[in-house]
file query-v2.txt (compact mmCIF, C-alpha atoms)
# COMPACT_ATOMS: atom_id res chain seq x y z
CA ALA U 1181 0.00 0.00 0.00
CA GLY U 1182 1.37 3.38 -1.00
CA LEU U 1183 4.19 1.96 -3.14
CA VAL U 1184 2.16 2.41 -6.31
CA ASP U 1185 -0.70 4.79 -6.94
CA ARG U 1186 -2.11 3.37 -10.15
CA VAL U 1187 -3.04 -0.14 -11.30
CA PHE U 1188 -4.02 -1.23 -14.81
CA TRP U 1189 -5.89 -4.50 -14.22
CA ILE U 1190 -6.22 -6.52 -17.43
CA ARG U 1191 -8.58 -9.37 -16.64
CA PRO U 1192 -10.34 -12.03 -18.70
CA GLY U 1193 -13.78 -11.04 -19.90
CA TRP U 1194 -15.89 -8.64 -21.87
CA GLY U 1195 -17.12 -5.12 -21.22
CA SER U 1196 -15.83 -1.58 -21.26
CA PRO U 1197 -12.85 -0.32 -19.23
CA GLU U 1198 -13.82 1.25 -15.90
CA ASP U 1199 -11.91 3.51 -13.51
CA SER U 1200 -12.13 3.52 -9.70
CA VAL U 1201 -10.35 5.26 -6.84
CA LEU U 1202 -9.61 3.40 -3.59
CA LYS U 1203 -8.51 4.77 -0.23
CA LEU U 1204 -5.84 2.55 1.32
CA GLY U 1205 -5.52 1.92 5.05
CA GLN U 1206 -3.59 -0.27 7.47
CA ASP U 1207 -4.62 -1.41 10.95
CA ARG U 1208 -2.38 -2.06 13.97
CA SER U 1209 -1.85 -5.70 12.99
CA GLY U 1210 -0.41 -4.59 9.68
CA SER U 1211 -3.38 -5.76 7.59
CA PHE U 1212 -4.36 -3.57 4.67
CA SER U 1213 -7.84 -2.35 3.84
CA GLU U 1214 -9.47 -0.66 0.87
CA GLU U 1215 -12.42 1.69 0.67
CA LEU U 1216 -14.02 2.58 -2.63
CA LEU U 1217 -14.16 6.36 -2.93
CA ASN U 1218 -15.01 6.77 -6.55
CA GLY U 1219 -16.19 4.13 -8.98
CA PRO U 1220 -18.36 3.62 -12.04
CA PHE U 1221 -21.44 2.98 -9.92
CA ASN U 1222 -21.03 5.79 -7.38
CA THR U 1223 -23.45 8.70 -7.42
CA LEU U 1224 -22.16 12.25 -7.59
CA GLU U 1225 -23.46 12.80 -4.03
CA HIS U 1226 -21.41 9.85 -2.79
CA GLN U 1227 -18.31 11.10 -4.57
CA SER U 1228 -18.71 14.52 -2.96
CA ALA U 1229 -19.28 13.09 0.52
CA THR U 1230 -16.18 10.89 0.36
CA ALA U 1231 -13.85 13.43 -1.25
CA ARG U 1232 -12.82 14.76 2.17
CA LYS U 1233 -11.68 11.27 3.21
CA ALA U 1234 -9.15 11.27 0.40
CA ALA U 1235 -7.41 14.45 1.48
CA ASP U 1236 -4.62 12.83 3.52
CA ALA U 1237 -4.95 9.16 2.57
CA PRO U 1238 -2.90 7.10 0.10
CA LEU U 1239 -5.02 6.60 -2.99
CA LEU U 1240 -4.97 3.81 -5.52
CA ARG U 1241 -6.41 4.43 -8.97
CA VAL U 1242 -7.58 1.18 -10.54
CA HIS U 1243 -8.24 0.89 -14.26
CA ASP U 1244 -10.31 -2.28 -14.81
CA ILE U 1245 -9.71 -3.46 -18.39
CA PRO U 1246 -11.38 -6.61 -19.80
CA ASP U 1247 -8.85 -8.33 -22.06
CA GLN U 1248 -11.39 -8.53 -24.88
CA SER U 1249 -11.35 -4.73 -25.11
CA LEU U 1250 -7.68 -4.89 -26.16
CA ALA U 1251 -8.89 -6.25 -29.48
CA VAL U 1252 -10.13 -2.71 -30.17
CA PRO U 1253 -7.10 -0.86 -31.60
CA VAL U 1254 -8.11 2.54 -30.20
CA GLU U 1255 -8.50 1.22 -26.64
CA LYS U 1256 -5.29 -0.82 -26.83
CA LYS U 1257 -3.29 2.21 -28.04
CA ALA U 1258 -4.77 4.42 -25.31
CA LEU U 1259 -3.72 1.92 -22.63
CA LEU U 1260 -0.21 1.49 -24.04
CA ASP U 1261 0.25 5.26 -24.14
CA ARG U 1262 -0.75 5.55 -20.46
CA VAL U 1263 1.60 2.75 -19.37
CA ARG U 1264 4.52 4.18 -21.37
CA ALA U 1265 4.13 7.54 -19.64
CA GLU U 1266 5.94 6.44 -16.45
CA PRO U 1267 7.89 3.57 -14.85
CA TYR U 1268 5.74 0.57 -13.96
CA ILE U 1269 5.69 -2.85 -12.31
CA LEU U 1270 4.25 -5.73 -14.32
CA ASP U 1271 2.32 -8.23 -12.19
CA ILE U 1272 1.02 -11.32 -14.00
CA ASP U 1273 -1.49 -13.47 -12.13
CA LEU U 1274 -1.63 -17.05 -13.36
CA ASP U 1275 -5.41 -17.10 -13.03
CA PHE U 1276 -5.44 -14.86 -16.13
CA PHE U 1277 -5.19 -18.18 -18.01
CA VAL U 1278 -7.77 -20.08 -15.92
CA GLU U 1279 -11.41 -20.52 -16.85
CA ASP U 1280 -13.96 -20.83 -14.03
CA GLU U 1281 -14.37 -24.60 -14.31
CA ALA U 1282 -10.61 -25.12 -13.82
CA ALA U 1283 -10.43 -22.93 -10.69
CA PRO U 1284 -9.98 -24.86 -7.43
CA GLU U 1285 -12.06 -24.65 -4.29
CA ARG U 1286 -11.16 -22.30 -1.47
CA PRO U 1287 -8.16 -23.48 0.58
CA PRO U 1288 -9.13 -25.89 3.38
CA TRP U 1289 -8.38 -23.42 6.18
CA LEU U 1290 -10.93 -21.00 4.69
CA ALA U 1291 -13.61 -23.53 3.77
CA SER U 1292 -17.17 -22.80 4.90
CA GLY U 1293 -17.78 -24.12 8.40
CA SER U 1294 -14.11 -24.83 9.10
CA ASP U 1295 -12.98 -24.62 12.73
CA CYS U 1296 -9.65 -22.90 12.16
CA PRO U 1297 -7.66 -20.23 13.96
CA ALA U 1298 -7.67 -16.80 12.38
CA ALA U 1299 -5.92 -16.75 9.02
CA CYS U 1300 -2.41 -15.34 8.95
CA ARG U 1301 -1.87 -11.76 7.82
CA ARG U 1302 -0.42 -13.27 4.64
CA TRP U 1303 -1.12 -16.94 4.09
CA PRO U 1304 2.49 -17.89 3.15
CA GLU U 1305 3.67 -16.29 6.43
CA LEU U 1306 4.75 -19.46 8.20
CA ALA U 1307 5.15 -18.21 11.79
CA CYS U 1308 1.52 -17.88 12.91
CA PRO U 1309 -0.95 -19.90 15.06
CA LEU U 1310 -2.79 -21.36 12.06
CA TRP U 1311 0.28 -23.05 10.61
CA GLU U 1312 1.50 -24.13 14.03
CA GLU U 1313 -1.79 -26.01 14.54
CA MET U 1314 -1.66 -27.46 11.02
CA GLU U 1315 1.95 -28.57 11.46
CA ALA U 1316 1.03 -30.45 14.64
CA LYS U 1317 -1.87 -32.20 12.90
CA VAL U 1318 -0.03 -33.37 9.80
CA SER U 1319 2.87 -34.58 11.95
CA SER U 1320 0.59 -36.70 14.15
CA ALA U 1321 0.77 -40.48 13.79
CA SER U 1322 -3.02 -40.76 13.93
CA GLY U 1323 -4.87 -41.84 10.80
CA PHE U 1324 -8.34 -40.48 10.01
CA LEU U 1325 -9.31 -37.09 11.41
CA SER U 1326 -13.06 -36.60 11.62
CA SER U 1327 -13.28 -32.98 12.68
CA GLY U 1328 -11.34 -29.80 13.25
CA CYS U 1329 -9.52 -27.36 11.00
CA ALA U 1330 -8.90 -28.70 7.47
CA SER U 1331 -9.70 -32.21 8.70
CA SER U 1332 -10.29 -33.81 5.28
CA ALA U 1333 -7.05 -32.42 3.82
CA VAL U 1334 -5.04 -33.47 6.90
CA SER U 1335 -6.53 -36.98 6.82
CA VAL U 1336 -5.62 -37.40 3.14
CA TYR U 1337 -2.08 -36.21 3.84
CA ARG U 1338 -1.66 -38.76 6.63
CA ARG U 1339 -2.80 -41.59 4.34
CA LEU U 1340 -0.36 -40.75 1.54
CA SER U 1341 2.42 -43.23 0.85
CA LEU U 1342 5.84 -42.48 2.25
CA GLU U 1343 7.04 -41.82 -1.30
CA GLN U 1344 4.28 -39.28 -1.87
CA GLN U 1345 4.89 -37.59 1.48
CA GLU U 1346 8.56 -37.36 0.56
CA ARG U 1347 7.54 -35.75 -2.74
CA LEU U 1348 5.51 -33.18 -0.79
CA SER U 1349 8.25 -32.49 1.75
CA VAL U 1350 9.92 -29.96 -0.58
CA LEU U 1351 6.78 -27.79 -0.46
CA HIS U 1352 5.79 -25.37 2.26
CA LEU U 1353 2.98 -26.44 4.58
CA PRO U 1354 0.22 -24.29 2.98
CA GLU U 1355 1.13 -25.74 -0.43
CA GLN U 1356 1.04 -29.27 0.99
CA LEU U 1357 -2.44 -28.68 2.40
CA ILE U 1358 -3.72 -27.22 -0.87
CA LEU U 1359 -2.55 -30.32 -2.72
CA ALA U 1360 -3.97 -32.68 -0.08
CA ASN U 1361 -7.27 -30.80 -0.26
CA GLN U 1362 -7.33 -31.41 -4.03
CA LEU U 1363 -6.70 -35.11 -3.46
CA SER U 1364 -9.52 -35.26 -0.88
CA THR U 1365 -12.14 -34.76 -3.62
CA GLY U 1366 -11.37 -38.22 -4.98
CA THR U 1367 -11.49 -37.03 -8.60
CA ARG U 1368 -8.92 -35.72 -11.02
CA PRO U 1369 -8.86 -31.93 -11.14
CA VAL U 1370 -10.18 -30.04 -14.14
CA ARG U 1371 -7.10 -28.68 -15.87
CA VAL U 1372 -6.56 -25.57 -17.97
CA GLU U 1373 -6.97 -26.57 -21.61
CA GLN U 1374 -4.08 -26.02 -24.01
CA GLN U 1375 -6.29 -24.00 -26.33
CA GLN U 1376 -7.33 -21.65 -23.52
CA MET U 1377 -3.74 -21.23 -22.35
CA ALA U 1378 -2.49 -20.54 -25.88
CA ARG U 1379 -5.28 -18.03 -26.53
CA GLN U 1380 -4.58 -16.03 -23.37
CA ALA U 1381 -0.81 -16.20 -23.90
CA SER U 1382 -1.29 -14.84 -27.42
CA ARG U 1383 -3.35 -11.90 -26.13
CA LEU U 1384 -0.83 -11.10 -23.42
CA ARG U 1385 2.12 -11.41 -25.82
CA ALA U 1386 0.48 -9.05 -28.31
CA PHE U 1387 -0.07 -6.43 -25.60
CA LEU U 1388 3.39 -6.68 -24.03
CA ALA U 1389 5.01 -6.45 -27.46
CA GLY U 1390 3.74 -2.87 -27.54
CA LEU U 1391 5.90 -2.20 -24.45
CA LYS U 1392 9.06 -3.82 -25.80
CA ASP U 1393 10.90 -0.49 -25.80
CA HIS U 1394 9.54 0.46 -22.36
CA PRO U 1395 10.21 -2.56 -20.11
CA PRO U 1396 8.96 -2.75 -16.52
CA VAL U 1397 11.24 -2.02 -13.59
CA LEU U 1398 10.07 -5.26 -12.00
CA VAL U 1399 8.06 -8.31 -13.06
CA THR U 1400 6.11 -10.25 -10.43
CA VAL U 1401 4.15 -13.47 -10.92
CA ALA U 1402 1.27 -14.41 -8.59
CA ARG U 1403 0.38 -18.10 -8.59
CA SER U 1404 -2.98 -17.48 -6.87
CA MET U 1405 -3.28 -21.19 -6.13
CA ASP U 1406 -5.03 -20.56 -2.81
CA ALA U 1407 -8.31 -20.09 -4.71
CA PHE U 1408 -7.92 -19.28 -8.39
CA THR U 1409 -5.27 -21.54 -9.99
CA GLY U 1410 -5.06 -25.31 -9.61
CA ILE U 1411 -1.78 -26.42 -8.06
CA PHE U 1412 -1.10 -28.90 -10.88
CA ASP U 1413 -1.52 -26.14 -13.47
CA VAL U 1414 1.06 -23.87 -11.81
CA PRO U 1415 4.24 -25.37 -13.37
CA THR U 1416 3.00 -25.15 -16.97
CA LEU U 1417 1.44 -21.70 -16.57
CA GLU U 1418 4.44 -20.24 -14.74
CA ARG U 1419 6.87 -21.54 -17.34
CA THR U 1420 4.66 -20.09 -20.06
CA VAL U 1421 4.75 -16.67 -18.37
CA LEU U 1422 8.52 -16.72 -17.81
CA GLU U 1423 9.13 -17.75 -21.42
CA LEU U 1424 6.79 -15.01 -22.63
CA VAL U 1425 8.59 -12.34 -20.60
CA GLN U 1426 11.94 -13.61 -21.87
CA GLU U 1427 10.63 -13.53 -25.44
CA VAL U 1428 9.57 -9.88 -25.15
CA TRP U 1429 12.39 -8.40 -23.05
CA GLY U 1430 14.99 -11.11 -22.56
CA GLY U 1431 15.19 -13.28 -19.47
CA HIS U 1432 17.49 -14.35 -16.67
CA GLU U 1433 19.87 -15.91 -19.20
CA ASP U 1434 20.52 -12.54 -20.84
CA GLU U 1435 22.50 -9.59 -19.56
CA ASP U 1436 21.32 -6.02 -19.76
CA GLU U 1437 23.35 -3.22 -21.34
CA ASP U 1438 25.32 -2.82 -18.10
CA GLY U 1439 26.24 -6.49 -18.01
CA HIS U 1440 23.81 -7.36 -15.20
CA ALA U 1441 21.74 -10.54 -15.39
CA PRO U 1442 18.14 -10.27 -14.15
CA CYS U 1443 17.35 -12.66 -11.33
CA VAL U 1444 14.36 -14.76 -10.26
CA SER U 1445 13.51 -14.89 -6.55
CA TYR U 1446 10.62 -16.41 -4.61
CA ALA U 1447 8.49 -14.87 -1.90
CA GLU U 1448 8.44 -16.26 1.62
CA GLY U 1449 6.44 -19.48 1.80
CA THR U 1450 6.60 -20.03 -1.97
CA SER U 1451 8.34 -23.10 -3.38
CA GLU U 1452 10.66 -22.82 -6.35
CA LEU U 1453 9.21 -23.75 -9.72
CA GLU U 1454 11.23 -26.95 -10.13
CA ASN U 1455 9.85 -28.25 -6.81
CA MET U 1456 6.19 -27.93 -7.80
CA PRO U 1457 4.36 -31.30 -8.04
CA ALA U 1458 3.07 -33.03 -11.16
CA GLU U 1459 -0.35 -34.64 -11.39
CA HIS U 1460 1.11 -38.05 -12.30
CA ASP U 1461 2.90 -38.15 -8.92
CA PHE U 1462 -0.45 -38.53 -7.15
CA TYR U 1463 -2.96 -39.91 -9.67
CA PRO U 1464 -2.50 -43.29 -11.39
call {"tool": "encode", "arguments": {"input": "query-v2.txt", "output": "structure tokens"}}
result
Amino acid sequence: AGLVDRVFWIRPGWGSPEDSVLKLGQDRSGSFSEELLNGPFNTLEHQSATARKAADAPLLRVHDIPDQSLAVPVEKKALLDRVRAEPYILDIDLDFFVEDEAAPERPPWLASGSDCPAACRRWPELACPLWEEMEAKVSSASGFLSSGCASSAVSVYRRLSLEQQERLSVLHLPEQLILANQLSTGTRPVRVEQQQMARQASRLRAFLAGLKDHPPVLVTVARSMDAFTGIFDVPTLERTVLELVQEVWGGHEDEDEDGHAPCVSYAEGTSELENMPAEHDFYP
């Protein structure tokens, strides 16, 4: 919050671009909050009444842009011109490639009716009461767990073969629980289709090509596998994104004009790409 003041959100779907203004806040625990001050559905009276709130608060201007609108040359050019006007961070969420039927359920610690401690301020933040309780449960020698926080996912984890548990050991605990929760359904997950992935990659490539001479200062990739991207789709989608970025601007194998090689790093609680599981490791 406060590091950027403008977001261009290119999302799957139809419609016209819309602009909103959000007031950003932070409570004593460090959690961030947003309050809509000005949006496409606000009345003029509401905008006037909330204008005073914005006087001393960090503001975030959000430009909501359905990806289908980029097929309109005038709208695409207008967006490219706005992005080129200043330095920017490019954040690519993997769920950009995911259709609704391939999206997973909510993570087990947020499932409806779950008896879990309060969620951590950021779910990959490993030092918090939720993960301490989960760590104790998955480490228990008991077999089936009939109740309690994420009970079905924990029970499935305990019943995995030693080889499968060893395969999971390279992941962080939240990632292990997300995978175990997928296995608890008893059915193979719906995967992102190649045609869908190729179509979205083509749209993104065409847009980023217009920024080839104005690269971002930073590229971030959000896996979003806690609710929006299936864990078995992450390796293919993430490699697709990294290859696309390398194709447009060069990648970690290339050096910039000063002889510096860009680097790839992973956020706390996020496993490296080569450690992510494959579906055939857990389904016959």
call {"tool": "residues_around", "arguments": {"input": "query-v2.txt", "residues": "range 1383-1387 of chain U", "least_positions_apart": "4", "cutoff": "9 Å", "atoms": "only C-alpha atoms", "output": "ChimeraX atom specification"}}
result
/U:1247-1248,1250-1251,1256,1260,1378-1379,1391,1424-1425,1427-1428
call {"tool": "closest_residue", "arguments": {"input": "query-v2.txt", "among": "U:Pro1192, U:Pro1464, U:Pro1267, U:Pro1287", "to": "Ala1333 in chain U", "atoms": "only C-alpha atoms"}}
result
U:Pro1287
call {"tool": "atom_distance", "arguments": {"input": "query-v2.txt", "atom1": "CA of Val1444 in chain U", "atom2": "CA of Val1370 in chain U"}}
result
29.2 Å
call {"tool": "atom_distance", "arguments": {"input": "query-v2.txt", "atom1": "CA of Lys1317 in chain U", "atom2": "CA of Ala1283 in chain U"}}
result
26.8 Å
call {"tool": "atom_distance", "arguments": {"input": "query-v2.txt", "atom1": "CA of Tyr1446 in chain U", "atom2": "CA of Arg1403 in chain U"}}
result
11.1 Å
call {"tool": "residues_near_point", "arguments": {"input": "query-v2.txt", "point": "(0.5, -17.2, 10.9)", "cutoff": "6 Å", "atoms": "all atoms listed in the file", "output": "JSON, numbers by chain"}}
result
{"U": [1300, 1305, 1306, 1307, 1308, 1309, 1310, 1311]}
call {"tool": "residues_near_point", "arguments": {"input": "query-v2.txt", "point": "(-8.0, -9.6, -11.9)", "cutoff": "9 Å", "atoms": "all atoms listed in the file", "output": "VMD selection string"}}
result
chain U and resid 1189 to 1192 1244 1273 1275 to 1276
call {"tool": "closest_residue", "arguments": {"input": "query-v2.txt", "among": "U:Ser1249, U:Leu1357, U:Glu1448, U:Leu1453", "to": "Arg1419 in chain U", "atoms": "all atoms listed in the file"}}
result
U:Leu1453
call {"tool": "closest_residue", "arguments": {"input": "query-v2.txt", "among": "U:Val1201, U:Leu1239, U:Ala1282, U:Val1334", "to": "Gln1376 in chain U", "atoms": "only C-alpha atoms"}}
result
U:Ala1282
call {"tool": "closest_residue", "arguments": {"input": "query-v2.txt", "among": "U:Gln1344, U:Thr1400, U:Ser1445, U:Ser1382", "to": "Ala1458 in chain U", "atoms": "only C-alpha atoms"}}
result
U:Gln1344
call {"tool": "decode", "arguments": {"input": "query-v2.txt", "residues": "range 1445-1457 of chain U", "atoms": "all heavy atoms", "output": "compact mmCIF listing (two decimals), in the first residue's frame"}}
result
# COMPACT_ATOMS: atom_id res chain seq x y z
N SER U 1445 13.56 -14.57 -7.97
CA SER U 1445 13.51 -14.89 -6.55
C SER U 1445 12.08 -15.24 -6.18
O SER U 1445 11.14 -14.89 -6.89
CB SER U 1445 14.02 -13.72 -5.70
OG SER U 1445 13.24 -12.56 -5.93
N TYR U 1446 11.92 -15.92 -5.04
CA TYR U 1446 10.62 -16.41 -4.61
C TYR U 1446 10.24 -15.81 -3.27
O TYR U 1446 11.09 -15.67 -2.38
CB TYR U 1446 10.63 -17.94 -4.51
CG TYR U 1446 10.80 -18.62 -5.85
CD1 TYR U 1446 12.06 -18.83 -6.40
CD2 TYR U 1446 9.69 -19.00 -6.60
CE1 TYR U 1446 12.22 -19.43 -7.64
CE2 TYR U 1446 9.83 -19.59 -7.84
CZ TYR U 1446 11.09 -19.80 -8.36
OH TYR U 1446 11.25 -20.38 -9.59
N ALA U 1447 8.97 -15.46 -3.13
CA ALA U 1447 8.49 -14.87 -1.90
C ALA U 1447 8.50 -15.89 -0.78
O ALA U 1447 8.51 -17.11 -1.01
CB ALA U 1447 7.06 -14.33 -2.10
N GLU U 1448 8.49 -15.39 0.45
CA GLU U 1448 8.44 -16.26 1.62
C GLU U 1448 7.26 -17.22 1.52
O GLU U 1448 6.15 -16.84 1.16
CB GLU U 1448 8.29 -15.41 2.88
CG GLU U 1448 8.17 -16.22 4.17
CD GLU U 1448 7.84 -15.35 5.38
OE1 GLU U 1448 7.36 -14.23 5.18
OE2 GLU U 1448 8.04 -15.83 6.52
N GLY U 1449 7.51 -18.50 1.82
CA GLY U 1449 6.44 -19.48 1.80
C GLY U 1449 6.06 -19.96 0.41
O GLY U 1449 5.04 -20.61 0.25
N THR U 1450 6.89 -19.65 -0.59
CA THR U 1450 6.60 -20.03 -1.97
C THR U 1450 7.71 -20.95 -2.47
O THR U 1450 8.88 -20.58 -2.46
CB THR U 1450 6.52 -18.80 -2.88
OG1 THR U 1450 5.51 -17.92 -2.37
CG2 THR U 1450 6.18 -19.19 -4.31
N SER U 1451 7.35 -22.14 -2.91
CA SER U 1451 8.34 -23.10 -3.38
C SER U 1451 8.85 -22.74 -4.76
O SER U 1451 8.13 -22.16 -5.57
CB SER U 1451 7.75 -24.51 -3.42
OG SER U 1451 7.45 -24.97 -2.12
N GLU U 1452 10.10 -23.08 -5.04
CA GLU U 1452 10.66 -22.82 -6.35
C GLU U 1452 9.95 -23.65 -7.41
O GLU U 1452 9.41 -24.73 -7.13
CB GLU U 1452 12.16 -23.12 -6.34
CG GLU U 1452 12.95 -22.21 -5.41
CD GLU U 1452 14.44 -22.41 -5.51
OE1 GLU U 1452 14.89 -23.05 -6.50
OE2 GLU U 1452 15.16 -21.92 -4.62
N LEU U 1453 9.97 -23.15 -8.63
CA LEU U 1453 9.21 -23.75 -9.72
C LEU U 1453 9.55 -25.22 -9.91
O LEU U 1453 8.66 -26.07 -10.09
CB LEU U 1453 9.46 -22.96 -11.01
CG LEU U 1453 8.77 -23.46 -12.28
CD1 LEU U 1453 7.26 -23.49 -12.09
CD2 LEU U 1453 9.14 -22.57 -13.45
N GLU U 1454 10.83 -25.56 -9.86
CA GLU U 1454 11.23 -26.95 -10.13
C GLU U 1454 10.77 -27.91 -9.04
O GLU U 1454 10.80 -29.13 -9.23
CB GLU U 1454 12.75 -27.06 -10.30
CG GLU U 1454 13.57 -26.52 -9.16
CD GLU U 1454 13.97 -25.07 -9.39
OE1 GLU U 1454 13.26 -24.34 -10.09
OE2 GLU U 1454 15.02 -24.67 -8.85
N ASN U 1455 10.33 -27.40 -7.90
CA ASN U 1455 9.85 -28.25 -6.81
C ASN U 1455 8.34 -28.48 -6.86
O ASN U 1455 7.81 -29.26 -6.06
CB ASN U 1455 10.21 -27.65 -5.46
CG ASN U 1455 11.69 -27.72 -5.17
OD1 ASN U 1455 12.40 -28.58 -5.70
ND2 ASN U 1455 12.18 -26.82 -4.34
N MET U 1456 7.64 -27.79 -7.75
CA MET U 1456 6.19 -27.93 -7.80
C MET U 1456 5.81 -29.33 -8.28
O MET U 1456 6.48 -29.92 -9.13
CB MET U 1456 5.57 -26.87 -8.71
CG MET U 1456 5.78 -25.45 -8.20
SD MET U 1456 5.13 -25.20 -6.53
CE MET U 1456 3.37 -25.40 -6.84
N PRO U 1457 4.73 -29.91 -7.75
CA PRO U 1457 4.36 -31.30 -8.04
C PRO U 1457 3.72 -31.46 -9.41
O PRO U 1457 3.19 -30.51 -9.99
CB PRO U 1457 3.36 -31.62 -6.92
CG PRO U 1457 2.71 -30.31 -6.63
CD PRO U 1457 3.81 -29.28 -6.78
